[in-house]
$ cat data_38.pdb   # PDB, C-alpha atoms
ATOM      1  CA  MET A   1       0.000   0.000   0.000
ATOM      2  CA  GLU A   2       1.865   2.999  -1.274
ATOM      3  CA  VAL A   3       1.253   6.602  -0.290
ATOM      4  CA  ARG A   4       2.130   9.276  -2.804
ATOM      5  CA  ASP A   5       2.024  13.035  -2.352
ATOM      6  CA  LEU A   6       1.138  15.282  -5.229
ATOM      7  CA  ASP A   7       1.856  18.935  -4.654
ATOM      8  CA  CYS A   8      -0.425  21.165  -6.684
ATOM      9  CA  LEU A   9      -0.376  24.282  -4.573
ATOM     10  CA  TYR A  10      -0.793  27.586  -6.414
ATOM     11  CA  GLU A  11      -2.095  25.961  -9.579
ATOM     12  CA  ALA A  12      -5.351  27.069 -11.156
ATOM     13  CA  CYS A  13      -8.524  25.075 -10.727
ATOM     14  CA  PRO A  14      -8.590  22.263 -13.285
ATOM     15  CA  ILE A  15      -4.883  21.440 -13.198
ATOM     16  CA  PRO A  16      -4.747  19.558  -9.844
ATOM     17  CA  MET A  17      -7.653  17.430 -11.028
ATOM     18  CA  ILE A  18      -5.966  16.499 -14.316
ATOM     19  CA  LYS A  19      -2.678  15.712 -12.615
ATOM     20  CA  ALA A  20      -4.418  13.587 -10.008
ATOM     21  CA  ILE A  21      -6.242  11.529 -12.629
ATOM     22  CA  LYS A  22      -3.043  10.981 -14.589
ATOM     23  CA  GLU A  23      -1.157   9.974 -11.474
ATOM     24  CA  LEU A  24      -3.880   7.600 -10.327
ATOM     25  CA  ARG A  25      -3.664   5.708 -13.609
ATOM     26  CA  THR A  26      -0.065   4.763 -12.849
ATOM     27  CA  MET A  27      -0.769   3.547  -9.335
ATOM     28  CA  ASN A  28      -1.709   0.077  -8.155
ATOM     29  CA  SER A  29      -4.872  -0.927  -6.410
ATOM     30  CA  GLU A  30      -5.194   0.001  -2.730
ATOM     31  CA  ASP A  31      -2.681   2.854  -3.080
ATOM     32  CA  ILE A  32      -3.399   6.240  -1.633
ATOM     33  CA  LEU A  33      -2.742   9.523  -3.379
ATOM     34  CA  VAL A  34      -2.610  12.705  -1.309
ATOM     35  CA  LEU A  35      -3.345  15.805  -3.334
ATOM     36  CA  HIS A  36      -2.299  19.177  -1.904
ATOM     37  CA  SER A  37      -4.214  22.111  -3.272
ATOM     38  CA  ASP A  38      -5.213  25.612  -2.301
ATOM     39  CA  GLN A  39      -8.391  25.823  -4.362
ATOM     40  CA  SER A  40     -11.669  25.091  -2.692
ATOM     41  CA  CYS A  41     -13.293  23.850  -5.882
ATOM     42  CA  VAL A  42     -10.810  21.014  -6.395
ATOM     43  CA  GLY A  43     -12.072  19.102  -3.367
ATOM     44  CA  VAL A  44     -15.633  19.190  -4.591
ATOM     45  CA  ILE A  45     -14.953  18.068  -8.154
ATOM     46  CA  VAL A  46     -12.611  15.295  -7.067
ATOM     47  CA  LYS A  47     -15.291  14.058  -4.685
ATOM     48  CA  GLU A  48     -17.845  14.023  -7.482
ATOM     49  CA  TRP A  49     -15.481  12.250  -9.815
ATOM     50  CA  GLY A  50     -14.681   9.733  -7.113
ATOM     51  CA  GLN A  51     -18.347   8.963  -6.601
ATOM     52  CA  GLU A  52     -18.815   8.377 -10.322
ATOM     53  CA  ASN A  53     -15.814   6.110 -10.709
ATOM     54  CA  ASN A  54     -16.059   4.367  -7.352
ATOM     55  CA  TYR A  55     -12.935   5.777  -5.727
ATOM     56  CA  GLU A  56     -12.882   6.684  -2.051
ATOM     57  CA  VAL A  57     -12.194  10.345  -1.458
ATOM     58  CA  LYS A  58     -11.775  12.307   1.745
ATOM     59  CA  VAL A  59     -11.144  16.046   1.837
ATOM     60  CA  THR A  60      -9.487  17.619   4.873
ATOM     61  CA  GLU A  61      -8.305  21.130   5.534
ATOM     62  CA  MET A  62      -4.962  20.916   7.240
ATOM     63  CA  GLU A  63      -4.116  24.573   7.285
ATOM     64  CA  ASN A  64      -6.341  27.547   6.599
ATOM     65  CA  GLY A  65      -6.759  27.601   2.846
ATOM     66  CA  GLU A  66      -4.763  24.462   2.082
ATOM     67  CA  TRP A  67      -6.653  21.311   1.446
ATOM     68  CA  GLN A  68      -5.347  17.765   1.444
ATOM     69  CA  ILE A  69      -7.430  15.340  -0.568
ATOM     70  CA  PHE A  70      -6.967  11.639   0.097
ATOM     71  CA  ILE A  71      -7.885   9.399  -2.834
ATOM     72  CA  GLN A  72      -7.732   5.648  -2.640
ATOM     73  CA  LYS A  73      -7.865   3.396  -5.662
ATOM     74  CA  PRO A  74     -10.380   0.576  -5.220
TER      75      PRO A  74
ATOM     76  CA  MET B   1     -17.061   3.887   3.923
ATOM     77  CA  ILE B   2     -13.490   5.067   4.130
ATOM     78  CA  SER B   3     -11.059   2.234   4.564
ATOM     79  CA  ASN B   4      -9.174   1.869   7.810
ATOM     80  CA  GLU B   5      -5.781   2.554   6.346
ATOM     81  CA  MET B   6      -6.928   5.880   4.965
ATOM     82  CA  GLU B   7      -8.417   6.836   8.337
ATOM     83  CA  ALA B   8      -5.172   5.919  10.037
ATOM     84  CA  LEU B   9      -3.146   7.989   7.598
ATOM     85  CA  ILE B  10      -5.393  11.013   8.038
ATOM     86  CA  GLN B  11      -5.225  10.726  11.820
ATOM     87  CA  GLN B  12      -1.463  10.479  11.701
ATOM     88  CA  ARG B  13      -1.098  13.552   9.516
ATOM     89  CA  GLN B  14      -3.591  15.575  11.485
ATOM     90  CA  GLN B  15      -1.748  14.988  14.699
ATOM     91  CA  LYS B  16       1.446  16.246  13.149
ATOM     92  CA  ASP B  17      -0.133  19.502  12.007
ATOM     93  CA  GLU B  18      -2.364  20.095  15.065
ATOM     94  CA  LYS B  19      -0.887  23.409  16.090
ATOM     95  CA  LYS B  20      -0.759  25.083  12.674
ATOM     96  CA  LYS B  21      -4.419  26.030  12.296
ATOM     97  CA  LYS B  22      -5.113  29.572  13.458
ATOM     98  CA  SER B  23      -8.658  30.612  14.108
ATOM     99  CA  GLN B  24      -9.894  33.090  11.524
ATOM    100  CA  ILE B  25     -13.015  34.164  13.373
ATOM    101  CA  PRO B  26     -11.599  37.613  14.336
ATOM    102  CA  TYR B  27     -11.036  38.398  10.643
ATOM    103  CA  ALA B  28     -14.563  37.263   9.795
ATOM    104  CA  ALA B  29     -16.071  39.449  12.524
ATOM    105  CA  ALA B  30     -14.051  42.464  11.352
ATOM    106  CA  ALA B  31     -15.140  41.937   7.735
ATOM    107  CA  LEU B  32     -18.786  41.605   8.763
ATOM    108  CA  ILE B  33     -18.649  44.822  10.783
ATOM    109  CA  ALA B  34     -16.942  46.646   7.910
ATOM    110  CA  ALA B  35     -19.630  45.412   5.494
ATOM    111  CA  ALA B  36     -22.404  46.549   7.839
ATOM    112  CA  ILE B  37     -20.819  50.002   8.260
ATOM    113  CA  LEU B  38     -20.479  50.381   4.486
ATOM    114  CA  CYS B  39     -24.099  49.359   4.107
ATOM    115  CA  LEU B  40     -25.216  52.122   6.454
ATOM    116  CA  PHE B  41     -22.985  54.602   4.654
ATOM    117  CA  PHE B  42     -24.507  53.683   1.280
ATOM    118  CA  TRP B  43     -28.014  53.905   2.701
ATOM    119  CA  LYS B  44     -27.346  57.488   3.799
ATOM    120  CA  SER B  45     -25.875  58.637   0.491
ATOM    121  CA  ASN B  46     -28.096  56.870  -2.016
ATOM    122  CA  HIS B  47     -30.598  54.175  -1.073
ATOM    123  CA  ILE B  48     -30.131  52.071  -4.175
ATOM    124  CA  TYR B  49     -26.406  51.512  -3.481
ATOM    125  CA  ALA B  50     -27.206  49.755  -0.229
ATOM    126  CA  VAL B  51     -29.522  47.401  -2.111
ATOM    127  CA  TYR B  52     -26.814  46.703  -4.705
ATOM    128  CA  TRP B  53     -24.312  46.049  -1.898
ATOM    129  CA  VAL B  54     -26.526  43.514  -0.154
ATOM    130  CA  ILE B  55     -27.538  41.785  -3.391
ATOM    131  CA  GLY B  56     -23.895  41.633  -4.481
ATOM    132  CA  ILE B  57     -22.819  40.016  -1.230
ATOM    133  CA  GLY B  58     -25.764  37.637  -1.548
ATOM    134  CA  PHE B  59     -24.605  36.632  -5.035
ATOM    135  CA  GLY B  60     -21.117  36.001  -3.709
ATOM    136  CA  ILE B  61     -22.335  33.770  -0.906
ATOM    137  CA  ALA B  62     -24.620  31.848  -3.270
ATOM    138  CA  LEU B  63     -21.773  31.344  -5.770
ATOM    139  CA  ARG B  64     -19.404  30.186  -3.063
ATOM    140  CA  TYR B  65     -21.645  27.581  -1.516
ATOM    141  CA  SER B  66     -23.168  26.284  -4.726
ATOM    142  CA  ARG B  67     -19.764  25.937  -6.374
ATOM    143  CA  PHE B  68     -21.133  27.323  -9.595
ATOM    144  CA  CYS B  69     -18.407  27.978 -12.138
ATOM    145  CA  PHE B  70     -18.940  29.491 -15.584
ATOM    146  CA  ALA B  71     -15.514  28.456 -16.765
ATOM    147  CA  GLY B  72     -16.124  24.936 -15.510
ATOM    148  CA  ALA B  73     -19.424  24.775 -17.401
ATOM    149  CA  PHE B  74     -17.574  24.794 -20.725
ATOM    150  CA  ARG B  75     -14.466  22.984 -19.595
ATOM    151  CA  ASP B  76     -15.828  19.976 -17.714
ATOM    152  CA  PRO B  77     -17.711  18.304 -20.587
ATOM    153  CA  PHE B  78     -14.466  18.034 -22.542
ATOM    154  CA  LEU B  79     -12.189  17.292 -19.634
ATOM    155  CA  LEU B  80     -14.276  15.011 -17.424
ATOM    156  CA  GLY B  81     -17.424  14.191 -19.375
ATOM    157  CA  ASN B  82     -19.380  15.873 -16.593
ATOM    158  CA  THR B  83     -22.130  18.230 -17.711
ATOM    159  CA  ARG B  84     -23.558  19.208 -14.323
ATOM    160  CA  LEU B  85     -22.307  22.807 -14.492
ATOM    161  CA  LEU B  86     -23.329  23.173 -18.134
ATOM    162  CA  ARG B  87     -26.853  22.030 -17.307
ATOM    163  CA  GLY B  88     -26.959  24.472 -14.415
ATOM    164  CA  LEU B  89     -25.922  27.253 -16.771
ATOM    165  CA  LEU B  90     -28.664  26.294 -19.250
ATOM    166  CA  ILE B  91     -31.282  26.405 -16.510
ATOM    167  CA  ALA B  92     -29.996  29.826 -15.433
ATOM    168  CA  LEU B  93     -30.299  31.002 -19.059
ATOM    169  CA  MET B  94     -33.874  29.713 -19.243
ATOM    170  CA  ILE B  95     -34.854  31.562 -16.088
ATOM    171  CA  SER B  96     -33.215  34.789 -17.201
ATOM    172  CA  THR B  97     -34.871  34.527 -20.642
ATOM    173  CA  VAL B  98     -38.288  34.461 -19.026
ATOM    174  CA  GLY B  99     -37.355  37.127 -16.493
ATOM    175  CA  PHE B 100     -35.972  39.569 -19.018
ATOM    176  CA  ALA B 101     -38.913  38.985 -21.350
ATOM    177  CA  VAL B 102     -41.270  40.005 -18.569
ATOM    178  CA  ILE B 103     -39.220  43.116 -17.774
ATOM    179  CA  GLN B 104     -38.865  44.155 -21.403
ATOM    180  CA  ASN B 105     -42.530  43.560 -22.080
ATOM    181  CA  GLY B 106     -43.404  45.917 -19.258
ATOM    182  CA  TYR B 107     -40.982  48.494 -20.628
ATOM    183  CA  LEU B 108     -42.098  48.277 -24.254
ATOM    184  CA  LYS B 109     -45.744  48.868 -23.415
ATOM    185  CA  ASN B 110     -45.028  52.476 -22.486
ATOM    186  CA  ASN B 111     -41.955  53.412 -24.502
ATOM    187  CA  THR B 112     -40.658  53.056 -28.025
ATOM    188  CA  ILE B 113     -37.759  50.821 -28.891
ATOM    189  CA  ASP B 114     -34.513  52.611 -28.164
ATOM    190  CA  TYR B 115     -31.464  50.391 -27.966
ATOM    191  CA  THR B 116     -29.654  52.331 -25.314
ATOM    192  CA  ASN B 117     -32.535  52.466 -22.841
ATOM    193  CA  ILE B 118     -34.019  48.994 -22.955
ATOM    194  CA  PRO B 119     -33.315  47.054 -19.754
ATOM    195  CA  GLY B 120     -30.955  44.239 -20.587
ATOM    196  CA  CYS B 121     -28.206  44.587 -23.141
ATOM    197  CA  VAL B 122     -29.126  45.161 -26.762
ATOM    198  CA  THR B 123     -26.019  45.696 -28.859
ATOM    199  CA  SER B 124     -24.775  44.576 -32.216
ATOM    200  CA  VAL B 125     -23.385  41.122 -32.921
ATOM    201  CA  GLY B 126     -20.646  40.371 -35.396
ATOM    202  CA  LEU B 127     -16.985  39.563 -35.848
ATOM    203  CA  HIS B 128     -16.077  41.643 -32.813
ATOM    204  CA  THR B 129     -18.157  39.334 -30.606
ATOM    205  CA  ILE B 130     -16.205  36.321 -31.857
ATOM    206  CA  ILE B 131     -12.822  37.975 -31.397
ATOM    207  CA  GLY B 132     -13.739  39.236 -27.931
ATOM    208  CA  ALA B 133     -15.057  35.845 -26.858
ATOM    209  CA  PHE B 134     -11.911  34.111 -28.057
ATOM    210  CA  ILE B 135      -9.627  36.473 -26.151
ATOM    211  CA  PHE B 136     -11.846  36.135 -23.077
ATOM    212  CA  GLY B 137     -11.639  32.354 -23.300
ATOM    213  CA  ILE B 138      -7.846  32.417 -23.337
ATOM    214  CA  GLY B 139      -7.737  34.736 -20.348
ATOM    215  CA  MET B 140     -10.332  32.713 -18.499
ATOM    216  CA  THR B 141      -8.342  29.505 -18.800
ATOM    217  CA  ILE B 142      -5.118  31.128 -17.636
ATOM    218  CA  ALA B 143      -6.758  32.862 -14.687
ATOM    219  CA  GLY B 144      -8.575  29.689 -13.726
ATOM    220  CA  GLY B 145     -12.036  31.192 -13.703
ATOM    221  CA  CYS B 146     -14.522  33.584 -15.136
ATOM    222  CA  ALA B 147     -15.076  37.138 -13.844
ATOM    223  CA  SER B 148     -17.554  36.013 -11.205
ATOM    224  CA  GLY B 149     -15.296  33.146 -10.138
ATOM    225  CA  VAL B 150     -12.310  35.470  -9.714
ATOM    226  CA  LEU B 151     -14.273  37.963  -7.625
ATOM    227  CA  MET B 152     -15.769  35.150  -5.567
ATOM    228  CA  ARG B 153     -12.342  33.712  -4.821
ATOM    229  CA  MET B 154     -11.082  37.109  -3.756
ATOM    230  CA  GLY B 155     -13.996  37.318  -1.342
ATOM    231  CA  GLU B 156     -13.073  33.875  -0.069
ATOM    232  CA  GLY B 157      -9.652  35.120   0.851
ATOM    233  CA  HIS B 158      -7.384  34.022  -1.989
ATOM    234  CA  ALA B 159      -4.678  36.476  -2.905
ATOM    235  CA  LEU B 160      -3.924  35.155  -6.389
ATOM    236  CA  PRO B 161      -7.126  36.435  -8.076
ATOM    237  CA  LEU B 162      -5.947  39.960  -7.285
ATOM    238  CA  PHE B 163      -3.704  39.633 -10.328
ATOM    239  CA  ALA B 164      -6.699  38.625 -12.403
ATOM    240  CA  LEU B 165      -8.477  41.768 -11.154
ATOM    241  CA  LEU B 166      -5.445  43.780 -12.239
ATOM    242  CA  GLY B 167      -5.867  42.130 -15.618
ATOM    243  CA  PHE B 168      -9.541  43.258 -15.700
ATOM    244  CA  LEU B 169      -8.490  46.853 -15.130
ATOM    245  CA  ILE B 170      -5.712  46.795 -17.722
ATOM    246  CA  GLY B 171      -7.958  45.043 -20.230
ATOM    247  CA  THR B 172     -10.925  47.361 -19.903
ATOM    248  CA  THR B 173      -8.700  50.430 -20.029
ATOM    249  CA  LEU B 174      -6.987  49.184 -23.190
ATOM    250  CA  GLY B 175     -10.379  48.309 -24.642
ATOM    251  CA  ALA B 176     -11.709  51.780 -23.970
ATOM    252  CA  LYS B 177      -8.589  53.359 -25.431
ATOM    253  CA  ASP B 178      -8.735  51.294 -28.618
ATOM    254  CA  TYR B 179     -12.518  51.439 -29.015
ATOM    255  CA  PRO B 180     -12.440  53.831 -32.022
ATOM    256  CA  PHE B 181     -10.284  51.335 -33.929
ATOM    257  CA  TRP B 182     -12.715  48.470 -33.381
ATOM    258  CA  TYR B 183     -15.696  50.703 -34.033
ATOM    259  CA  ASP B 184     -14.475  51.929 -37.399
ATOM    260  CA  LYS B 185     -13.292  48.587 -38.674
ATOM    261  CA  ILE B 186     -15.947  46.188 -37.438
ATOM    262  CA  ILE B 187     -18.681  47.413 -35.127
ATOM    263  CA  LYS B 188     -20.024  50.090 -37.441
ATOM    264  CA  LYS B 189     -20.839  47.508 -40.099
ATOM    265  CA  ALA B 190     -22.381  44.995 -37.682
ATOM    266  CA  SER B 191     -26.134  44.828 -37.359
ATOM    267  CA  THR B 192     -28.303  44.764 -34.294
ATOM    268  CA  ILE B 193     -31.090  42.233 -34.324
ATOM    269  CA  TYR B 194     -33.792  42.752 -31.740
ATOM    270  CA  PHE B 195     -36.452  40.109 -32.259
ATOM    271  CA  PRO B 196     -39.497  41.902 -30.835
ATOM    272  CA  GLU B 197     -39.221  44.249 -33.809
ATOM    273  CA  TYR B 198     -40.002  41.383 -36.161
ATOM    274  CA  MET B 199     -42.265  39.099 -34.197
ATOM    275  CA  ASP B 200     -44.206  38.935 -30.960
ATOM    276  CA  LEU B 201     -42.077  38.684 -27.810
ATOM    277  CA  LYS B 202     -43.920  35.590 -26.580
ATOM    278  CA  VAL B 203     -42.983  33.658 -29.723
ATOM    279  CA  VAL B 204     -39.325  34.600 -29.280
ATOM    280  CA  VAL B 205     -39.331  33.454 -25.657
ATOM    281  CA  ILE B 206     -40.929  30.125 -26.533
ATOM    282  CA  ILE B 207     -38.474  29.454 -29.353
ATOM    283  CA  GLN B 208     -35.501  30.304 -27.147
ATOM    284  CA  LEU B 209     -36.783  28.097 -24.337
ATOM    285  CA  ILE B 210     -37.258  25.208 -26.769
ATOM    286  CA  ILE B 211     -33.700  25.601 -28.051
ATOM    287  CA  LEU B 212     -32.316  25.706 -24.512
ATOM    288  CA  MET B 213     -34.303  22.637 -23.542
ATOM    289  CA  CYS B 214     -32.937  20.753 -26.539
ATOM    290  CA  LEU B 215     -29.417  21.696 -25.483
ATOM    291  CA  TYR B 216     -30.221  20.451 -21.993
ATOM    292  CA  ARG B 217     -31.356  17.083 -23.405
ATOM    293  CA  LEU B 218     -28.162  16.934 -25.433
ATOM    294  CA  ALA B 219     -26.095  17.510 -22.326
ATOM    295  CA  VAL B 220     -27.900  14.740 -20.459
ATOM    296  CA  TRP B 221     -27.438  12.349 -23.392
ATOM    297  CA  TYR B 222     -23.744  13.248 -23.606
ATOM    298  CA  GLU B 223     -23.178  12.545 -19.951
ATOM    299  CA  GLU B 224     -24.960   9.213 -20.063
ATOM    300  CA  LYS B 225     -22.989   8.183 -23.090
ATOM    301  CA  ARG B 226     -19.698   8.581 -21.226
TER     302      ARG B 226
END

$ encode --input "data_38.pdb" --output "structure tokens"
Amino acid sequence: MEVRDLDCLYEACPIPMIKAIKELRTMNSEDILVLHSDQSCVGVIVKEWGQENNYEVKVTEMENGEWQIFIQKP
Amino acid sequence: MISNEMEALIQQRQQKDEKKKKSQIPYAAAALIAAAILCLFFWKSNHIYAVYWVIGIGFGIALRYSRFCFAGAFRDPFLLGNTRLLRGLLIALMISTVGFAVIQNGYLKNNTIDYTNIPGCVTSVGLHTIIGAFIFGIGMTIAGGCASGVLMRMGEGHALPLFALLGFLIGTTLGAKDYPFWYDKIIKKASTIYFPEYMDLKVVVIIQLIILMCLYRLAVWYEEKR
């Protein structure tokens, strides 16, 4: 079970999402990807995408304005 | 529903960063008081400004919590196959079609058609619309949001959209400075089409609603296909 961090701070709204999807394709099942972002919209669209494609997603706000989004491949 | 390993990881990371989170409630209280003071100030000088202020803040709150994004409406169908925002935009267009038709109907009963005074925007359409839209699209993608999204993010507390706001100012100033150029070359020759001059307003509204509903169906079909 591998844990990877993807740092997408300071990048505009769709970019963290695209990078996360690309990165998830290269990971094995049961791996966790942690996406760092400072946009509030990224959490919501990743959650929606996760519900559609059956990934587990949890969004937490570690620091004020910086979100960490945990995505686990099924 | 979250697996145990993910819970454990989150717990572990949260314990490490426990102390970093500062409470932002003092800032929120200060902003609220400042907004209330400005509201009173507007009320004293000109009543309508206070109404605009409150409605504007209301729009911002609604945009923030509904996560509505104009840029996302056109970007998500291509990027993610998700047409939720596009469908929301179509519904908003339907509602504003009906709303503006009602307002313009009320206006036209008493006044003649004069393009500069009709509520709602009646201007010419032509090559300049296409060029402007293209430039706007490029800027929108780079800034990561449309005008409303940028302003909403600034209200949320982001500092980066300030540069986008600077871009607004530079852009509109340059546009105003160069307006004679565009006017002579393109806008003068473009025509203004205002449908109620040719047919009854109700017919126009019904046709536009039918077109928007067909687009809505298309969006639903597209999403189910993916």

$ closest_residue --input "data_38.pdb" --among "A:Leu24, A:Val3, A:Ile45, A:Ala12" --to "chain B" --atoms "all atoms listed in the file"
A:Ala12

$ resolve_selection --input "data_38.pdb" --expression "the ChimeraX specification (/B :<9) & /A" --output "number ranges by chain"
A: 1, 10-14, 18, 32, 38-41, 44, 49, 56-58, 60, 62-65, 70-72

$ resolve_selection --input "data_38.pdb" --expression "the PyMOL selection byres ((chain A and resi 23) around 12)" --output "short mmCIF file (atom, residue, chain, number, x, y, z; two decimals) with C-alpha atoms, in the coordinates of the input"
data_model
loop_
_atom_site.label_atom_id
_atom_site.label_comp_id
_atom_site.auth_asym_id
_atom_site.auth_seq_id
_atom_site.Cartn_x
_atom_site.Cartn_y
_atom_site.Cartn_z
CA VAL A 3 1.25 6.60 -0.29
CA ARG A 4 2.13 9.28 -2.80
CA ASP A 5 2.02 13.04 -2.35
CA LEU A 6 1.14 15.28 -5.23
CA ASP A 7 1.86 18.93 -4.65
CA PRO A 16 -4.75 19.56 -9.84
CA MET A 17 -7.65 17.43 -11.03
CA ILE A 18 -5.97 16.50 -14.32
CA LYS A 19 -2.68 15.71 -12.62
CA ALA A 20 -4.42 13.59 -10.01
CA ILE A 21 -6.24 11.53 -12.63
CA LYS A 22 -3.04 10.98 -14.59
CA LEU A 24 -3.88 7.60 -10.33
CA ARG A 25 -3.66 5.71 -13.61
CA THR A 26 -0.06 4.76 -12.85
CA MET A 27 -0.77 3.55 -9.34
CA ASN A 28 -1.71 0.08 -8.15
CA ASP A 31 -2.68 2.85 -3.08
CA ILE A 32 -3.40 6.24 -1.63
CA LEU A 33 -2.74 9.52 -3.38
CA VAL A 34 -2.61 12.70 -1.31
CA LEU A 35 -3.34 15.80 -3.33
CA ILE A 71 -7.88 9.40 -2.83
CA GLN A 72 -7.73 5.65 -2.64
CA LYS A 73 -7.86 3.40 -5.66
#

$ atom_distance --input "data_38.pdb" --atom1 "CA of Arg84 in chain B" --atom2 "CA of Val220 in chain B"
8.7 Å

$ atom_distance --input "data_38.pdb" --atom1 "CA of Thr116 in chain B" --atom2 "CA of Thr192 in chain B"
11.8 Å

$ closest_residue --input "data_38.pdb" --among "B:Leu218, B:Met94, B:Met199, B:Ala164" --to "Gly149 in chain B" --atoms "only C-alpha atoms"
B:Ala164

$ atom_distance --input "data_38.pdb" --atom1 "CA of Ala219 in chain B" --atom2 "CA of Phe74 in chain B"
11.3 Å

$ resolve_selection --input "data_38.pdb" --expression "the PyMOL selection byres ((chain B and resi 123) around 12)" --output "ChimeraX atom specification"
/B:114-122,124-126,128-129,187-188,190-194

$ closest_residue --input "data_38.pdb" --among "B:Ile61, B:Leu169, B:Val98, B:Cys146" --to "Leu201 in chain B" --atoms "only C-alpha atoms"
B:Val98

$ residues_around --input "data_38.pdb" --residues "Ala101 in chain B" --least-positions-apart "4" --cutoff "9 Å" --atoms "only C-alpha atoms" --output "NGL selection string"
:B and (96-97 or 105-106 or 201-202 or 205)

$ decode --input "data_38.pdb" --residues "range 133-148 of chain B" --atoms "N, CA and C atoms" --output "PDB file, in the first residue's frame"
ATOM      1  N   ALA B 133     -14.810  37.086 -27.590  1.00  0.00           N
ATOM      2  CA  ALA B 133     -15.057  35.845 -26.858  1.00  0.00           C
ATOM      3  C   ALA B 133     -13.812  34.966 -26.848  1.00  0.00           C
ATOM      4  N   PHE B 134     -13.104  34.942 -27.985  1.00  0.00           N
ATOM      5  CA  PHE B 134     -11.911  34.111 -28.057  1.00  0.00           C
ATOM      6  C   PHE B 134     -10.846  34.595 -27.079  1.00  0.00           C
ATOM      7  N   ILE B 135     -10.625  35.923 -27.067  1.00  0.00           N
ATOM      8  CA  ILE B 135      -9.627  36.473 -26.151  1.00  0.00           C
ATOM      9  C   ILE B 135     -10.036  36.217 -24.702  1.00  0.00           C
ATOM     10  N   PHE B 136     -11.361  36.379 -24.432  1.00  0.00           N
ATOM     11  CA  PHE B 136     -11.846  36.135 -23.077  1.00  0.00           C
ATOM     12  C   PHE B 136     -11.607  34.691 -22.674  1.00  0.00           C
ATOM     13  N   GLY B 137     -11.831  33.768 -23.621  1.00  0.00           N
ATOM     14  CA  GLY B 137     -11.639  32.354 -23.300  1.00  0.00           C
ATOM     15  C   GLY B 137     -10.198  32.049 -22.916  1.00  0.00           C
ATOM     16  N   ILE B 138      -9.250  32.643 -23.661  1.00  0.00           N
ATOM     17  CA  ILE B 138      -7.846  32.417 -23.337  1.00  0.00           C
ATOM     18  C   ILE B 138      -7.540  32.931 -21.933  1.00  0.00           C
ATOM     19  N   GLY B 139      -8.005  34.150 -21.659  1.00  0.00           N
ATOM     20  CA  GLY B 139      -7.737  34.736 -20.348  1.00  0.00           C
ATOM     21  C   GLY B 139      -8.385  33.945 -19.231  1.00  0.00           C
ATOM     22  N   MET B 140      -9.578  33.455 -19.504  1.00  0.00           N
ATOM     23  CA  MET B 140     -10.332  32.713 -18.499  1.00  0.00           C
ATOM     24  C   MET B 140      -9.618  31.428 -18.110  1.00  0.00           C
ATOM     25  N   THR B 141      -9.036  30.748 -19.098  1.00  0.00           N
ATOM     26  CA  THR B 141      -8.342  29.505 -18.800  1.00  0.00           C
ATOM     27  C   THR B 141      -7.081  29.775 -17.998  1.00  0.00           C
ATOM     28  N   ILE B 142      -6.365  30.840 -18.351  1.00  0.00           N
ATOM     29  CA  ILE B 142      -5.118  31.128 -17.636  1.00  0.00           C
ATOM     30  C   ILE B 142      -5.417  31.558 -16.207  1.00  0.00           C
ATOM     31  N   ALA B 143      -6.456  32.371 -16.032  1.00  0.00           N
ATOM     32  CA  ALA B 143      -6.758  32.862 -14.687  1.00  0.00           C
ATOM     33  C   ALA B 143      -7.432  31.798 -13.845  1.00  0.00           C
ATOM     34  N   GLY B 144      -7.938  30.741 -14.482  1.00  0.00           N
ATOM     35  CA  GLY B 144      -8.575  29.689 -13.726  1.00  0.00           C
ATOM     36  C   GLY B 144      -9.997  30.016 -13.332  1.00  0.00           C
ATOM     37  N   GLY B 145     -10.660  30.906 -14.048  1.00  0.00           N
ATOM     38  CA  GLY B 145     -12.036  31.192 -13.703  1.00  0.00           C
ATOM     39  C   GLY B 145     -12.550  32.379 -14.461  1.00  0.00           C
ATOM     40  N   CYS B 146     -13.872  32.494 -14.447  1.00  0.00           N
ATOM     41  CA  CYS B 146     -14.522  33.584 -15.136  1.00  0.00           C
ATOM     42  C   CYS B 146     -14.524  34.794 -14.210  1.00  0.00           C
ATOM     43  N   ALA B 147     -15.078  35.917 -14.656  1.00  0.00           N
ATOM     44  CA  ALA B 147     -15.076  37.138 -13.844  1.00  0.00           C
ATOM     45  C   ALA B 147     -15.704  36.900 -12.479  1.00  0.00           C
ATOM     46  N   SER B 148     -16.878  36.233 -12.485  1.00  0.00           N
ATOM     47  CA  SER B 148     -17.554  36.013 -11.205  1.00  0.00           C
ATOM     48  C   SER B 148     -16.740  35.080 -10.322  1.00  0.00           C
TER      49      SER B 148
END
